[in-house]
file work00.csv (CSV, C-alpha atoms)
chain,number,residue,atom,x,y,z
A,241,MET,CA,74.5,93.0,48.4
A,242,CYS,CA,75.2,93.6,52.0
A,243,MET,CA,77.4,91.4,54.2
A,244,ALA,CA,80.6,92.0,56.2
A,245,ILE,CA,83.1,89.3,55.5
A,246,PRO,CA,84.7,87.9,58.6
A,247,GLY,CA,88.5,87.6,58.8
A,248,LYS,CA,90.8,85.3,60.7
A,249,VAL,CA,93.0,86.8,63.4
A,250,LEU,CA,96.6,85.8,62.6
A,251,SER,CA,98.4,87.7,65.4
A,252,VAL,CA,97.8,90.3,68.1
A,253,SER,CA,100.3,92.9,69.4
A,254,LYS,CA,99.7,96.0,71.5
A,255,GLY,CA,96.1,96.4,70.7
A,256,LYS,CA,96.5,95.8,67.0
A,257,ALA,CA,95.4,92.6,65.2
A,258,MET,CA,96.6,91.3,61.9
A,259,VAL,CA,93.5,89.9,60.2
A,260,GLU,CA,93.3,87.9,57.0
A,261,PHE,CA,90.4,88.5,54.7
A,262,LEU,CA,90.2,86.1,51.7
A,263,GLY,CA,94.0,86.0,51.5
A,264,GLN,CA,94.5,89.7,52.1
A,265,LYS,CA,96.1,90.9,55.4
A,266,LYS,CA,94.9,94.0,57.1
A,267,GLU,CA,95.7,95.6,60.5
A,268,ALA,CA,92.8,96.4,62.8
A,269,ASP,CA,92.5,98.1,66.2
A,270,CYS,CA,91.4,95.5,68.7
A,271,SER,CA,91.7,97.6,71.8
A,272,LEU,CA,87.9,97.9,71.8
A,273,MET,CA,87.2,94.2,71.5
A,274,PRO,CA,90.3,92.1,72.5
A,275,CYS,CA,90.7,89.1,70.3
A,276,LYS,CA,93.1,86.1,70.0
A,277,PRO,CA,94.9,84.4,67.0
A,278,GLY,CA,92.5,81.9,65.4
A,279,GLU,CA,89.3,83.8,66.1
A,280,TYR,CA,87.1,85.2,63.4
A,281,VAL,CA,86.2,88.9,63.5
A,282,VAL,CA,84.4,91.6,61.6
A,283,VAL,CA,86.4,94.8,61.1
A,284,ASN,CA,84.6,98.1,60.5
A,285,ALA,CA,86.4,101.4,59.8
A,286,GLY,CA,89.6,99.8,61.2
A,287,PHE,CA,88.1,98.5,64.4
A,288,VAL,CA,87.3,95.0,65.4
A,289,VAL,CA,83.6,95.3,66.2
A,290,GLU,CA,82.4,91.7,66.4
A,291,LYS,CA,83.5,88.2,66.9
A,292,VAL,CA,82.0,85.5,64.8
A,293,PRO,CA,81.7,81.8,65.8
A,294,GLU,CA,84.1,79.8,63.6
A,295,LYS,CA,81.4,77.6,62.0
A,296,GLU,CA,79.3,80.6,61.0
A,297,ALA,CA,82.4,82.5,59.8
A,298,LYS,CA,83.6,79.6,57.6
A,299,GLU,CA,80.1,79.2,56.2
A,300,SER,CA,79.8,82.9,55.2
A,301,ILE,CA,83.3,82.9,53.7
A,302,GLU,CA,82.3,80.0,51.5
A,303,LEU,CA,79.0,81.7,50.6
A,304,PHE,CA,81.0,84.8,49.6
A,305,LYS,CA,83.6,82.8,47.6
A,306,ASN,CA,80.7,81.1,45.7
A,307,GLY,CA,79.2,84.5,44.9
A,308,LYS,CA,76.0,83.7,46.8
A,309,CYS,CA,76.1,86.7,49.1
B,176,MET,CA,72.2,121.7,60.8
B,177,GLU,CA,70.3,118.5,60.8
B,178,ASN,CA,68.7,117.4,57.5
B,179,ALA,CA,67.6,114.1,56.0
B,180,GLU,CA,71.1,113.7,54.5
B,181,SER,CA,73.0,114.0,57.8
B,182,VAL,CA,70.6,111.6,59.6
B,183,PHE,CA,70.8,109.1,56.8
B,184,LEU,CA,74.5,109.3,56.6
B,185,LYS,CA,75.1,108.6,60.3
B,186,TYR,CA,72.9,105.6,60.3
B,187,SER,CA,74.1,104.2,57.0
B,188,PHE,CA,77.9,105.0,57.3
B,189,PRO,CA,78.7,101.8,59.3
B,190,CYS,CA,77.4,99.8,56.3
B,191,ALA,CA,79.7,101.6,53.9
B,192,GLN,CA,82.6,99.3,55.0
B,193,VAL,CA,80.5,96.4,53.5
B,194,LEU,CA,80.1,98.3,50.2
B,195,LEU,CA,83.9,99.1,50.1
B,196,ASP,CA,84.8,95.4,50.8
B,197,LYS,CA,82.5,94.3,48.0
B,198,GLY,CA,84.1,96.8,45.6
B,199,GLN,CA,80.7,98.7,45.2
B,200,ILE,CA,82.2,102.0,46.2
B,201,SER,CA,85.8,103.2,45.9
B,202,LYS,CA,88.3,103.9,48.7
B,203,GLU,CA,87.9,107.6,47.8
B,204,GLU,CA,84.1,107.5,48.1
B,205,TYR,CA,84.4,105.6,51.4
B,206,GLU,CA,86.8,108.2,52.9
B,207,LYS,CA,84.5,111.0,51.8
B,208,LEU,CA,81.6,109.4,53.6
B,209,LYS,CA,83.7,108.7,56.7
B,210,GLY,CA,85.0,112.3,56.9
B,211,ALA,CA,81.5,113.7,56.6
B,212,ALA,CA,80.1,111.2,59.1
B,213,ILE,CA,82.8,111.8,61.7
B,214,SER,CA,82.4,115.6,61.4
B,215,GLY,CA,78.6,115.4,61.7
B,216,GLY,CA,78.2,116.7,58.2
B,217,SER,CA,76.5,115.2,55.2
B,218,VAL,CA,77.0,114.3,51.5
B,219,GLU,CA,74.7,114.9,48.6
B,220,ARG,CA,71.4,113.1,48.6
B,221,GLU,CA,72.1,111.7,45.1
B,222,THR,CA,75.3,110.1,46.4
B,223,LEU,CA,73.5,108.4,49.3
B,224,GLU,CA,70.6,107.2,47.1
B,225,ARG,CA,73.1,105.7,44.6
B,226,MET,CA,75.2,103.9,47.2
B,227,PHE,CA,72.6,102.7,49.7
B,228,THR,CA,70.0,101.4,47.3
B,229,ALA,CA,68.5,98.8,49.7
B,230,ALA,CA,67.9,101.2,52.6
B,231,ILE,CA,66.4,103.7,50.2
B,232,ARG,CA,64.1,101.1,48.8
B,233,ARG,CA,62.9,100.1,52.3
B,234,LEU,CA,62.6,103.8,53.4
B,235,LYS,CA,60.3,104.4,50.4
B,236,ALA,CA,58.3,101.3,51.1
B,237,VAL,CA,57.5,102.6,54.6
B,238,PHE,CA,57.0,106.4,53.9
B,239,GLY,CA,56.2,106.7,50.3
B,240,LYS,CA,56.8,110.1,48.9
B,241,ASP,CA,57.5,111.6,52.3
B,242,TYR,CA,60.6,109.4,52.8
B,243,TRP,CA,63.3,112.1,52.6
B,244,THR,CA,62.9,114.0,55.9
B,245,PRO,CA,65.1,113.7,59.0
B,246,GLU,CA,62.0,112.4,60.9
B,247,SER,CA,61.2,109.7,58.3
B,248,VAL,CA,64.9,108.6,58.1
B,249,ARG,CA,65.3,108.4,61.9
B,250,GLU,CA,62.0,106.6,62.4
B,251,TYR,CA,62.9,104.1,59.6
B,252,PHE,CA,66.2,103.1,61.2
B,253,ILE,CA,64.8,103.1,64.8
B,254,SER,CA,61.4,101.5,64.3
B,255,HIS,CA,61.3,99.7,60.9
B,256,HIS,CA,64.8,98.6,59.8
B,257,ASN,CA,64.9,95.6,62.2
B,258,HIS,CA,61.6,94.4,60.9
B,259,PHE,CA,63.0,94.1,57.3
B,260,ILE,CA,65.9,92.0,58.7
B,261,ASP,CA,63.5,89.7,60.6
B,262,GLU,CA,61.4,89.3,57.6
B,263,GLY,CA,64.5,88.3,55.5
B,264,GLU,CA,63.7,91.1,52.9
B,265,GLY,CA,66.1,91.3,49.9
B,266,GLU,CA,69.7,90.3,50.7
B,267,TYR,CA,68.8,89.6,54.3
B,268,ALA,CA,67.2,86.3,53.0
B,269,ARG,CA,70.7,84.8,52.6
B,270,ALA,CA,72.6,86.7,55.3
B,271,PRO,CA,74.2,84.7,58.0
B,272,GLY,CA,72.9,85.0,61.6
B,273,TYR,CA,75.8,87.1,63.0
B,274,PHE,CA,75.4,89.6,60.2
B,275,LYS,CA,71.7,90.0,60.8
B,276,ARG,CA,72.4,90.6,64.5
B,277,MET,CA,75.0,93.3,63.7
B,278,CYS,CA,72.8,95.0,61.1
B,279,LYS,CA,70.0,95.6,63.6
B,280,VAL,CA,69.7,99.0,65.1
B,281,HIS,CA,69.6,98.8,68.9
B,282,LYS,CA,68.8,101.3,71.6
B,283,ALA,CA,71.5,101.1,74.2
B,284,LYS,CA,72.6,102.7,77.5
B,285,VAL,CA,76.2,104.1,77.7
B,286,ILE,CA,78.0,102.5,80.6
B,287,SER,CA,81.5,104.0,80.1
B,288,ARG,CA,83.7,105.8,77.7
B,289,LYS,CA,87.5,105.4,77.0
B,290,GLY,CA,88.7,107.4,74.1
B,291,ASN,CA,86.8,106.3,71.0
B,292,ALA,CA,85.5,103.2,72.7
B,293,LEU,CA,82.1,103.2,74.4
B,294,THR,CA,80.8,100.3,76.4
B,295,VAL,CA,77.0,100.1,76.0
B,296,GLU,CA,74.3,97.8,77.3
B,297,PHE,CA,71.4,96.5,75.4
B,298,ASP,CA,69.3,93.2,75.5
B,299,GLY,CA,70.8,92.6,79.0
B,300,GLN,CA,74.4,92.4,77.6
B,301,THR,CA,77.3,94.9,77.6
B,302,LYS,CA,79.2,95.4,74.4
B,303,PRO,CA,82.0,97.7,73.2
B,304,VAL,CA,81.2,100.0,70.3
B,305,VAL,CA,83.0,102.6,68.3
B,306,GLY,CA,82.3,106.1,69.5
B,307,LEU,CA,83.8,108.0,66.6
B,308,LEU,CA,80.4,109.4,65.4
B,309,LEU,CA,79.3,110.4,68.9
B,310,LYS,CA,82.1,112.2,70.6
B,311,ASP,CA,79.9,113.8,73.3
B,312,ALA,CA,78.2,110.6,74.6
B,313,LYS,CA,78.6,110.0,78.3
B,314,PRO,CA,77.6,107.3,80.8
B,315,GLY,CA,73.9,107.3,81.3
B,316,ASP,CA,73.0,108.5,77.8
B,317,THR,CA,70.7,106.4,75.7
B,318,VAL,CA,72.1,106.0,72.2
B,319,THR,CA,71.4,104.0,69.0
B,320,VAL,CA,73.9,101.4,67.9
B,321,HIS,CA,74.4,100.0,64.3
B,322,LEU,CA,77.1,97.6,63.0
B,323,GLY,CA,79.4,98.2,66.0
B,324,PHE,CA,79.0,102.0,66.0
B,325,ALA,CA,77.2,104.3,68.4
B,326,ILE,CA,75.1,106.5,66.1
B,327,GLU,CA,73.3,109.2,68.1
B,328,LYS,CA,71.8,110.2,71.4
B,329,ILE,CA,68.0,109.7,71.6

call {"tool": "encode", "arguments": {"input": "work00.csv", "output": "structure tokens"}}
result
Amino acid sequence: MCMAIPGKVLSVSKGKAMVEFLGQKKEADCSLMPCKPGEYVVVNAGFVVEKVPEKEAKESIELFKNGKC
Amino acid sequence: MENAESVFLKYSFPCAQVLLDKGQISKEEYEKLKGAAISGGSVERETLERMFTAAIRRLKAVFGKDYWTPESVREYFISHHNHFIDEGEGEYARAPGYFKRMCKVHKAKVISRKGNALTVEFDGQTKPVVGLLLKDAKPGDTVTVHLGFAIEKI
């Protein structure tokens, strides 16, 4: 299976974002791609590399929770 | 020295985060891949074939028994990989749109560099990507991009 799960940005401070993935919080470097609380992002190797539209992000999180991807 | 392992690793490493998030590889295995990718090295072929089963399957589908050469691996990622995504092969059949966009390998022009961040241009848009795997890229270079990472100069 191959899919990067989007996370929701909870807070941003000094180029670091706190991102929640399926209930787990992780810090990510968002100096590359500045983001705001409430946005959904993909994190790769500790960097925010993509923003995902909310609707698409929620759909893919549901797919993942249901074991469909 | 370039070999099939090192070319395969640099193109597939950005996808290792997905394998880690899904629990298909351990944190230790991930860190080993990351260390090798960042230093321009490689890991054993057996390890890559075990972890990246889908890419290996597609590589074999294109090149048959000649799949494990640096030329075949590079040509797969640059010229064939996106076609499998467009066709919805394997897991791509159910993948959301944003993920299919990220998974494609793009040829991009480097616009600027700031530390580990590169700004590149492809499909008429500029986009920031991680430059960890490509420390010597400079403005004007043409590079390949995969899952938010700059991969190599072409």

call {"tool": "closest_residue", "arguments": {"input": "work00.csv", "among": "B:Leu307, B:Phe183, B:Ala270, B:Ala292", "to": "Glu250 in chain B", "atoms": "all atoms listed in the file"}}
result
B:Phe183

call {"tool": "residues_around", "arguments": {"input": "work00.csv", "residues": "Lys289 in chain B", "least_positions_apart": "2", "cutoff": "12 Å", "atoms": "only C-alpha atoms", "output": "mmCIF file with C-alpha atoms, keeping the file's coordinate frame"}}
result
data_model
loop_
_atom_site.group_PDB
_atom_site.id
_atom_site.type_symbol
_atom_site.label_atom_id
_atom_site.label_comp_id
_atom_site.auth_asym_id
_atom_site.auth_seq_id
_atom_site.Cartn_x
_atom_site.Cartn_y
_atom_site.Cartn_z
ATOM 1 C CA SER A 271 91.700 97.600 71.800
ATOM 2 C CA LEU A 272 87.900 97.900 71.800
ATOM 3 C CA VAL B 285 76.200 104.100 77.700
ATOM 4 C CA ILE B 286 78.000 102.500 80.600
ATOM 5 C CA SER B 287 81.500 104.000 80.100
ATOM 6 C CA ASN B 291 86.800 106.300 71.000
ATOM 7 C CA ALA B 292 85.500 103.200 72.700
ATOM 8 C CA LEU B 293 82.100 103.200 74.400
ATOM 9 C CA THR B 294 80.800 100.300 76.400
ATOM 10 C CA VAL B 295 77.000 100.100 76.000
ATOM 11 C CA PRO B 303 82.000 97.700 73.200
ATOM 12 C CA VAL B 304 81.200 100.000 70.300
ATOM 13 C CA VAL B 305 83.000 102.600 68.300
ATOM 14 C CA GLY B 306 82.300 106.100 69.500
ATOM 15 C CA LEU B 307 83.800 108.000 66.600
ATOM 16 C CA LYS B 310 82.100 112.200 70.600
ATOM 17 C CA ASP B 311 79.900 113.800 73.300
ATOM 18 C CA ALA B 312 78.200 110.600 74.600
ATOM 19 C CA LYS B 313 78.600 110.000 78.300
ATOM 20 C CA PRO B 314 77.600 107.300 80.800
#

call {"tool": "closest_atom_pairs", "arguments": {"input": "work00.csv", "of": "chain B", "to": "chain A", "cutoff": "6 Å", "atoms": "all atoms listed in the file", "output": "tab-separated table"}}
result
residue	atom	partner	partner_atom	distance
B:Gln192	CA	A:Asn284	CA	6.0
B:Val193	CA	A:Ala244	CA	5.2
B:Glu266	CA	A:Met241	CA	6.0
B:Ala292	CA	A:Leu272	CA	5.9
B:Gly323	CA	A:Val289	CA	5.1

call {"tool": "atom_distance", "arguments": {"input": "work00.csv", "atom1": "CA of Arg269 in chain B", "atom2": "CA of Lys185 in chain B"}}
result
25.4 Å

call {"tool": "residues_near_point", "arguments": {"input": "work00.csv", "point": "(75.7, 107.8, 60.3)", "cutoff": "10 Å", "atoms": "only C-alpha atoms", "output": "ChimeraX atom specification"}}
result
/B:180-191,208-209,211-213,215-217,308-309,321,324-327

call {"tool": "residues_around", "arguments": {"input": "work00.csv", "residues": "Gly263 in chain A", "least_positions_apart": "4", "cutoff": "12 Å", "atoms": "all atoms listed in the file", "output": "ChimeraX atom specification"}}
result
/A:246-250,258-259,301,305

call {"tool": "residues_around", "arguments": {"input": "work00.csv", "residues": "Phe252 in chain B", "least_positions_apart": "4", "cutoff": "8 Å", "atoms": "all atoms listed in the file", "output": "compact mmCIF listing (two decimals) with C-alpha atoms, in the coordinates of the input"}}
result
# COMPACT_ATOMS: atom_id res chain seq x y z
CA TYR B 186 72.90 105.60 60.30
CA VAL B 248 64.90 108.60 58.10
CA HIS B 256 64.80 98.60 59.80
CA ASN B 257 64.90 95.60 62.20
CA VAL B 280 69.70 99.00 65.10

call {"tool": "atom_distance", "arguments": {"input": "work00.csv", "atom1": "CA of Cys278 in chain B", "atom2": "CA of Leu322 in chain B"}}
result
5.4 Å

call {"tool": "axis_aligned_box", "arguments": {"input": "work00.csv", "around": "range 254-264 of chain B", "padding_each_side": "5 Å", "output": "AutoDock Vina command-line options"}}
result
--center_x 63.6 --center_y 94.9 --center_z 58.6 --size_x 14.6 --size_y 23.2 --size_z 21.4

call {"tool": "atom_distance", "arguments": {"input": "work00.csv", "atom1": "CA of Asp269 in chain A", "atom2": "CA of Lys254 in chain A"}}
result
9.2 Å

call {"tool": "residues_near_point", "arguments": {"input": "work00.csv", "point": "(94.3, 83.8, 68.5)", "cutoff": "10 Å", "atoms": "only C-alpha atoms", "output": "PDB file with C-alpha atoms, keeping the file's coordinate frame"}}
result
ATOM      1  CA  LYS A 248      90.800  85.300  60.700  1.00  0.00           C
ATOM      2  CA  VAL A 249      93.000  86.800  63.400  1.00  0.00           C
ATOM      3  CA  LEU A 250      96.600  85.800  62.600  1.00  0.00           C
ATOM      4  CA  SER A 251      98.400  87.700  65.400  1.00  0.00           C
ATOM      5  CA  VAL A 252      97.800  90.300  68.100  1.00  0.00           C
ATOM      6  CA  ALA A 257      95.400  92.600  65.200  1.00  0.00           C
ATOM      7  CA  CYS A 275      90.700  89.100  70.300  1.00  0.00           C
ATOM      8  CA  LYS A 276      93.100  86.100  70.000  1.00  0.00           C
ATOM      9  CA  PRO A 277      94.900  84.400  67.000  1.00  0.00           C
ATOM     10  CA  GLY A 278      92.500  81.900  65.400  1.00  0.00           C
ATOM     11  CA  GLU A 279      89.300  83.800  66.100  1.00  0.00           C
ATOM     12  CA  TYR A 280      87.100  85.200  63.400  1.00  0.00           C
TER      13      TYR A 280
END

call {"tool": "decode", "arguments": {"input": "work00.csv", "residues": "range 286-326 of chain B", "atoms": "N, CA and C atoms", "output": "mmCIF file, in the first residue's frame"}}
result
data_model
loop_
_atom_site.group_PDB
_atom_site.id
_atom_site.type_symbol
_atom_site.label_atom_id
_atom_site.label_comp_id
_atom_site.auth_asym_id
_atom_site.auth_seq_id
_atom_site.Cartn_x
_atom_site.Cartn_y
_atom_site.Cartn_z
ATOM 1 N N ILE B 286 14.954 27.268 -9.491
ATOM 2 C CA ILE B 286 14.870 28.727 -9.539
ATOM 3 C C ILE B 286 15.796 29.337 -8.478
ATOM 4 N N SER B 287 15.749 28.775 -7.266
ATOM 5 C CA SER B 287 16.606 29.307 -6.207
ATOM 6 C C SER B 287 16.847 28.253 -5.144
ATOM 7 N N ARG B 288 17.845 28.522 -4.310
ATOM 8 C CA ARG B 288 18.183 27.599 -3.238
ATOM 9 C C ARG B 288 18.393 28.390 -1.962
ATOM 10 N N LYS B 289 17.847 27.889 -0.847
ATOM 11 C CA LYS B 289 18.093 28.501 0.453
ATOM 12 C C LYS B 289 18.264 27.355 1.448
ATOM 13 N N GLY B 290 19.488 27.073 1.804
ATOM 14 C CA GLY B 290 19.743 25.931 2.688
ATOM 15 C C GLY B 290 19.281 24.644 2.037
ATOM 16 N N ASN B 291 18.458 23.885 2.751
ATOM 17 C CA ASN B 291 17.948 22.625 2.208
ATOM 18 C C ASN B 291 16.710 22.794 1.352
ATOM 19 N N ALA B 292 16.259 24.033 1.194
ATOM 20 C CA ALA B 292 15.036 24.269 0.419
ATOM 21 C C ALA B 292 15.367 24.745 -0.983
ATOM 22 N N LEU B 293 14.798 24.063 -1.972
ATOM 23 C CA LEU B 293 14.950 24.491 -3.361
ATOM 24 C C LEU B 293 13.594 24.957 -3.856
ATOM 25 N N THR B 294 13.583 26.042 -4.616
ATOM 26 C CA THR B 294 12.351 26.406 -5.305
ATOM 27 C C THR B 294 12.531 25.980 -6.743
ATOM 28 N N VAL B 295 11.586 25.182 -7.244
ATOM 29 C CA VAL B 295 11.689 24.673 -8.611
ATOM 30 C C VAL B 295 10.440 25.060 -9.390
ATOM 31 N N GLU B 296 10.534 24.943 -10.702
ATOM 32 C CA GLU B 296 9.396 25.256 -11.555
ATOM 33 C C GLU B 296 9.112 24.073 -12.468
ATOM 34 N N PHE B 297 7.861 23.637 -12.472
ATOM 35 C CA PHE B 297 7.421 22.640 -13.460
ATOM 36 C C PHE B 297 5.938 22.836 -13.709
ATOM 37 N N ASP B 298 5.483 22.422 -14.878
ATOM 38 C CA ASP B 298 4.083 22.605 -15.285
ATOM 39 C C ASP B 298 3.636 24.058 -15.092
ATOM 40 N N GLY B 299 4.559 24.997 -15.320
ATOM 41 C CA GLY B 299 4.185 26.407 -15.226
ATOM 42 C C GLY B 299 3.980 26.919 -13.816
ATOM 43 N N GLN B 300 4.323 26.120 -12.800
ATOM 44 C CA GLN B 300 4.145 26.572 -11.412
ATOM 45 C C GLN B 300 5.446 26.457 -10.639
ATOM 46 N N THR B 301 5.642 27.329 -9.662
ATOM 47 C CA THR B 301 6.812 27.183 -8.806
ATOM 48 C C THR B 301 6.393 26.455 -7.541
ATOM 49 N N LYS B 302 7.354 25.686 -6.993
ATOM 50 C CA LYS B 302 7.043 24.857 -5.838
ATOM 51 C C LYS B 302 8.304 24.655 -5.014
ATOM 52 N N PRO B 303 8.179 24.723 -3.682
ATOM 53 C CA PRO B 303 9.348 24.429 -2.863
ATOM 54 C C PRO B 303 9.514 22.918 -2.710
ATOM 55 N N VAL B 304 10.746 22.428 -2.779
ATOM 56 C CA VAL B 304 11.013 21.004 -2.554
ATOM 57 C C VAL B 304 12.228 20.862 -1.640
ATOM 58 N N VAL B 305 12.351 19.701 -1.025
ATOM 59 C CA VAL B 305 13.467 19.419 -0.128
ATOM 60 C C VAL B 305 14.710 19.113 -0.961
ATOM 61 N N GLY B 306 15.815 19.772 -0.637
ATOM 62 C CA GLY B 306 17.050 19.594 -1.410
ATOM 63 C C GLY B 306 18.091 18.721 -0.727
ATOM 64 N N LEU B 307 17.666 17.969 0.299
ATOM 65 C CA LEU B 307 18.622 17.151 1.073
ATOM 66 C C LEU B 307 19.395 16.138 0.236
ATOM 67 N N LEU B 308 18.732 15.603 -0.803
ATOM 68 C CA LEU B 308 19.380 14.562 -1.606
ATOM 69 C C LEU B 308 20.243 15.154 -2.714
ATOM 70 N N LEU B 309 20.162 16.454 -2.876
ATOM 71 C CA LEU B 309 20.816 17.085 -4.025
ATOM 72 C C LEU B 309 21.471 18.381 -3.574
ATOM 73 N N LYS B 310 22.565 18.228 -2.837
ATOM 74 C CA LYS B 310 23.175 19.394 -2.186
ATOM 75 C C LYS B 310 23.871 20.337 -3.163
ATOM 76 N N ASP B 311 24.192 19.825 -4.382
ATOM 77 C CA ASP B 311 24.926 20.699 -5.309
ATOM 78 C C ASP B 311 24.037 21.290 -6.399
ATOM 79 N N ALA B 312 22.713 21.195 -6.241
ATOM 80 C CA ALA B 312 21.830 21.790 -7.262
ATOM 81 C C ALA B 312 21.876 23.303 -7.163
ATOM 82 N N LYS B 313 21.892 23.954 -8.303
ATOM 83 C CA LYS B 313 21.935 25.425 -8.314
ATOM 84 C C LYS B 313 20.936 25.974 -9.331
ATOM 85 N N PRO B 314 20.590 27.256 -9.192
ATOM 86 C CA PRO B 314 19.626 27.836 -10.122
ATOM 87 C C PRO B 314 20.024 27.583 -11.573
ATOM 88 N N GLY B 315 19.028 27.214 -12.385
ATOM 89 C CA GLY B 315 19.282 26.930 -13.796
ATOM 90 C C GLY B 315 19.380 25.441 -14.088
ATOM 91 N N ASP B 316 19.708 24.623 -13.060
ATOM 92 C CA ASP B 316 19.804 23.175 -13.268
ATOM 93 C C ASP B 316 18.421 22.581 -13.536
ATOM 94 N N THR B 317 18.392 21.524 -14.327
ATOM 95 C CA THR B 317 17.159 20.747 -14.486
ATOM 96 C C THR B 317 17.288 19.516 -13.598
ATOM 97 N N VAL B 318 16.279 19.305 -12.774
ATOM 98 C CA VAL B 318 16.329 18.200 -11.806
ATOM 99 C C VAL B 318 15.026 17.403 -11.892
ATOM 100 N N THR B 319 15.059 16.192 -11.336
ATOM 101 C CA THR B 319 13.820 15.442 -11.198
ATOM 102 C C THR B 319 13.306 15.644 -9.773
ATOM 103 N N VAL B 320 11.986 15.580 -9.629
ATOM 104 C CA VAL B 320 11.317 15.825 -8.347
ATOM 105 C C VAL B 320 10.355 14.672 -8.082
ATOM 106 N N HIS B 321 10.350 14.174 -6.847
ATOM 107 C CA HIS B 321 9.445 13.070 -6.487
ATOM 108 C C HIS B 321 9.007 13.237 -5.036
ATOM 109 N N LEU B 322 7.717 13.262 -4.787
ATOM 110 C CA LEU B 322 7.149 13.350 -3.444
ATOM 111 C C LEU B 322 7.775 14.466 -2.599
ATOM 112 N N GLY B 323 7.933 15.637 -3.218
ATOM 113 C CA GLY B 323 8.434 16.787 -2.469
ATOM 114 C C GLY B 323 9.937 16.862 -2.317
ATOM 115 N N PHE B 324 10.648 15.943 -2.964
ATOM 116 C CA PHE B 324 12.116 15.942 -2.899
ATOM 117 C C PHE B 324 12.710 16.169 -4.290
ATOM 118 N N ALA B 325 13.796 16.935 -4.350
ATOM 119 C CA ALA B 325 14.597 16.989 -5.571
ATOM 120 C C ALA B 325 15.459 15.731 -5.568
ATOM 121 N N ILE B 326 15.502 15.021 -6.698
ATOM 122 C CA ILE B 326 16.170 13.715 -6.732
ATOM 123 C C ILE B 326 17.568 13.769 -7.343
#
